[in-house]
Amino acid sequence: NKLNGALTEGYVNGLGDPNSRYLDATEYASYTGMLEGGVTGTGIESAYNYQQAQLVVTYVYEGSPAEKSGVQAGDVITAINNTTVTMSNFAQLQNMLYGSLLSSVSVEYERDGETKVAEIMSGFSIPGVKTNIYGDVGYIRIGGFYKNTASEFKAAIEKLMADGAESIVFDVRDVSSGTIDYSAQVIDVIVPAISDNIAVAKDKDGNVYKKKIYTAENSNFSLPFAVLINGGTSGPAELFACDMRDIAQAHIIGTTTAGNGTMQELFALEDGGAVLLTVAVIEPRGGAAAVYDKVGVAPTVEVTLNYAGYNGGILTLEQDNQLSTALNMLAS
């Protein structure tokens with residue numbers, strides 16, 4: 001099995017396609033579990049603050065094991081499972097905060113000069129969307145495009161409208177996870193019904209791939225929108241931004257996206273693993289002329305962050321000039 005896995009991984013790497021990859025049995029189970037049920041973990045969202053060389057808790061989900069353990073937004077994580085957090089290993093340690101296994105994760109953190117340690121259970125279902133409201137402008141952060149994202153997305157919009165939102169900002173900066181199928185479902189929630197398509201998947205010969213034609217039929221919303229993008233916006237998040245621009249006339253604010261306009265499909269292997277292979281190029285509503293693969297989705301309003309990176313929510317509203325630009329545009 002080890003040899004077969006290595007050979008398969010070598011073949012996939014030999015394609016030279018950064019979006020195709022080999023998944024061993026554990027990775028395959030984790031990947032499909034994420035697509036079907038979303039992300040699970042301790043309930044901690046964190047980001048690395050390069051200016052202060054700290055891994056900072058940016059959000060703690062209500063009802064999560066992390067909240068029950070006393071962890072709060074703003075805490076600085078100094079060690080995970082007894083390994084000190086550094087600039088070189090923080091991404092690897094962050095991954096320990098996620099997972100569906102009902103095992104505990106040791107998190108050492110500092111608050112107001114005091115060091116604390118919490119043993120936090122994993123397996124908490126993390127919502128795919130987060131919301132906020134600024135005056136009469138709503139805000140929705142989409143974490144990924146999974147099976148349950150469309151229903152959570154619809155509920156979030158309805159709640160914001162009930163709370164008085166008259167326009168909404170959608171944030172897909174640094175978002176790349178999920179599938180084109182689930183992205184199309186989210187788009188269908190928000191854009192008006194149209195006579196043509198949200199997107200079409202085309203194979204290498206220019207034919208429709210496995211009848212993958214996506215339509216918009218179910219929208220019940222008509223509000224001014226804006227979408228925040230950056231160089232980390234990729235794949236299904238790019239389709240979302242592109243169609244919001246072309247169908248819902250949303251402002252697209254930020255910097256040009258990654259340029260991953262392809263569709264991948266899973267092929268299971270006998271050893272329990274799978275290969276994820278690129279099978280089609282995505283044509284958004286504008287057709288071949290609007291294909292964003294390898295070129296990205298350009299913003300309608302280009303705004304470069306004043307800071308080194310988005311950093312997953314570390315920035316305050318005053319520092320996040322992309323978000324503040326969107327809020328000012330919609331408020332006016």
# chains A, B, ... in the order shown; residues from 1 in each chain; ligands from 1
>>> select_by_dssp(residues="segment 221-281 of chain A", states="helix (DSSP H, G or I)", output="VMD selection string")
chain A and resid 236 to 246
>>> residues_around(residues="segment 132-148 of chain A", least_positions_apart="4", cutoff="9 Å", atoms="only C-alpha atoms", output="ChimeraX atom specification")
/A:34-39,127-128,152-153,156-157,160-161,163-183,185-186,236-237,327,330-331
>>> select_by_dssp(residues="segment 197-249 of chain A", states="strand (DSSP E or B)", output="list in words")
Asn197, Ile198, Ala199, Val200, Ala201, Lys202, Val208, Tyr209, Lys210, Lys211, Lys212, Ile213, Tyr214, Thr215, Phe225, Ala226, Val227, Leu228 and Ile229 of chain A
>>> closest_atom_pairs(of="segment 14-97 of chain A", to="segment 297-309 of chain A", cutoff="12 Å", atoms="only C-alpha atoms", output="JSON lines")
{"residue": "A:Ala47", "atom": "CA", "partner": "A:Gly309", "partner_atom": "CA", "distance": 10.6}
{"residue": "A:Tyr48", "atom": "CA", "partner": "A:Gly309", "partner_atom": "CA", "distance": 10.1}
{"residue": "A:Asn49", "atom": "CA", "partner": "A:Gly309", "partner_atom": "CA", "distance": 9.5}
{"residue": "A:Tyr50", "atom": "CA", "partner": "A:Ala308", "partner_atom": "CA", "distance": 8.4}
{"residue": "A:Gln51", "atom": "CA", "partner": "A:Ala308", "partner_atom": "CA", "distance": 9.0}
>>> residues_around(residues="Asp188 of chain A", least_positions_apart="4", cutoff="9 Å", atoms="only C-alpha atoms", output="mmCIF file with all heavy atoms, in the first residue's frame")
data_model
loop_
_atom_site.group_PDB
_atom_site.id
_atom_site.type_symbol
_atom_site.label_atom_id
_atom_site.label_comp_id
_atom_site.auth_asym_id
_atom_site.auth_seq_id
_atom_site.Cartn_x
_atom_site.Cartn_y
_atom_site.Cartn_z
ATOM 1 N N ALA A 150 -24.885 26.616 1.799
ATOM 2 C CA ALA A 150 -25.999 27.362 1.207
ATOM 3 C C ALA A 150 -27.116 27.605 2.222
ATOM 4 O O ALA A 150 -27.657 28.713 2.305
ATOM 5 C CB ALA A 150 -26.544 26.612 -0.014
ATOM 6 N N SER A 183 -20.521 25.948 -4.422
ATOM 7 C CA SER A 183 -20.470 27.389 -4.693
ATOM 8 C C SER A 183 -21.691 27.810 -5.512
ATOM 9 O O SER A 183 -22.315 28.841 -5.236
ATOM 10 C CB SER A 183 -19.190 27.735 -5.447
ATOM 11 O OG SER A 183 -19.161 29.097 -5.800
ATOM 12 N N ALA A 184 -22.060 27.004 -6.510
ATOM 13 C CA ALA A 184 -23.235 27.316 -7.334
ATOM 14 C C ALA A 184 -24.511 27.342 -6.491
ATOM 15 O O ALA A 184 -25.407 28.156 -6.736
ATOM 16 C CB ALA A 184 -23.355 26.306 -8.460
ATOM 17 N N PRO A 192 -30.409 36.996 -8.678
ATOM 18 C CA PRO A 192 -31.749 36.878 -9.255
ATOM 19 C C PRO A 192 -31.814 35.761 -10.293
ATOM 20 O O PRO A 192 -30.812 35.407 -10.907
ATOM 21 C CB PRO A 192 -31.976 38.246 -9.900
ATOM 22 C CG PRO A 192 -30.608 38.781 -10.136
ATOM 23 C CD PRO A 192 -29.753 38.275 -9.015
ATOM 24 N N ALA A 193 -33.004 35.201 -10.466
ATOM 25 C CA ALA A 193 -33.197 34.166 -11.484
ATOM 26 C C ALA A 193 -32.895 34.744 -12.863
ATOM 27 O O ALA A 193 -33.292 35.864 -13.187
ATOM 28 C CB ALA A 193 -34.627 33.648 -11.430
ATOM 29 N N ILE A 198 -25.498 30.143 -14.386
ATOM 30 C CA ILE A 198 -24.508 30.623 -13.425
ATOM 31 C C ILE A 198 -23.111 30.279 -13.935
ATOM 32 O O ILE A 198 -22.190 31.083 -13.905
ATOM 33 C CB ILE A 198 -24.718 29.967 -12.046
ATOM 34 C CG1 ILE A 198 -26.004 30.485 -11.389
ATOM 35 C CG2 ILE A 198 -23.529 30.216 -11.127
ATOM 36 C CD1 ILE A 198 -26.324 29.783 -10.081
ATOM 37 N N TYR A 214 -24.975 24.932 -14.403
ATOM 38 C CA TYR A 214 -25.561 25.454 -13.167
ATOM 39 C C TYR A 214 -26.468 26.641 -13.488
ATOM 40 O O TYR A 214 -26.083 27.554 -14.228
ATOM 41 C CB TYR A 214 -24.452 25.887 -12.207
ATOM 42 C CG TYR A 214 -23.464 24.772 -11.901
ATOM 43 C CD1 TYR A 214 -22.264 24.671 -12.591
ATOM 44 C CD2 TYR A 214 -23.757 23.817 -10.939
ATOM 45 C CE1 TYR A 214 -21.368 23.647 -12.314
ATOM 46 C CE2 TYR A 214 -22.862 22.786 -10.651
ATOM 47 C CZ TYR A 214 -21.669 22.707 -11.346
ATOM 48 O OH TYR A 214 -20.787 21.691 -11.085
ATOM 49 N N THR A 215 -27.659 26.622 -12.902
ATOM 50 C CA THR A 215 -28.642 27.671 -13.160
ATOM 51 C C THR A 215 -29.021 28.386 -11.869
ATOM 52 O O THR A 215 -28.780 27.890 -10.767
ATOM 53 C CB THR A 215 -29.908 27.071 -13.796
ATOM 54 O OG1 THR A 215 -30.448 26.071 -12.911
ATOM 55 C CG2 THR A 215 -29.586 26.434 -15.134
ATOM 56 N N ALA A 216 -29.625 29.555 -12.000
ATOM 57 C CA ALA A 216 -30.104 30.334 -10.850
ATOM 58 C C ALA A 216 -31.614 30.425 -10.921
ATOM 59 O O ALA A 216 -32.160 30.929 -11.896
ATOM 60 C CB ALA A 216 -29.479 31.727 -10.856
ATOM 61 N N GLU A 217 -32.268 29.932 -9.879
ATOM 62 C CA GLU A 217 -33.729 29.875 -9.906
ATOM 63 C C GLU A 217 -34.382 30.278 -8.586
ATOM 64 O O GLU A 217 -35.562 30.596 -8.556
ATOM 65 C CB GLU A 217 -34.190 28.451 -10.242
ATOM 66 C CG GLU A 217 -33.666 27.926 -11.581
ATOM 67 C CD GLU A 217 -33.955 26.451 -11.775
ATOM 68 O OE1 GLU A 217 -34.404 25.818 -10.801
ATOM 69 O OE2 GLU A 217 -33.727 25.935 -12.883
ATOM 70 N N ASN A 218 -33.630 30.270 -7.472
ATOM 71 C CA ASN A 218 -34.285 30.281 -6.165
ATOM 72 C C ASN A 218 -34.083 31.541 -5.339
ATOM 73 O O ASN A 218 -34.409 31.564 -4.164
ATOM 74 C CB ASN A 218 -33.788 29.082 -5.347
ATOM 75 C CG ASN A 218 -34.126 27.759 -6.019
ATOM 76 O OD1 ASN A 218 -35.220 27.606 -6.540
ATOM 77 N ND2 ASN A 218 -33.180 26.844 -6.016
ATOM 78 N N SER A 219 -33.531 32.605 -5.896
ATOM 79 C CA SER A 219 -33.236 33.778 -5.092
ATOM 80 C C SER A 219 -34.499 34.487 -4.614
ATOM 81 O O SER A 219 -35.462 34.652 -5.354
ATOM 82 C CB SER A 219 -32.376 34.769 -5.879
ATOM 83 O OG SER A 219 -32.221 35.963 -5.143
#
>>> closest_residue(among="A:Val295, A:Ser69, A:Asn1, A:Ala248", to="Pro224 of chain A", atoms="only C-alpha atoms")
A:Ala248
>>> closest_residue(among="A:Val57, A:Val12, A:Ile44, A:Val71", to="Ser125 of chain A", atoms="only C-alpha atoms")
A:Ile44
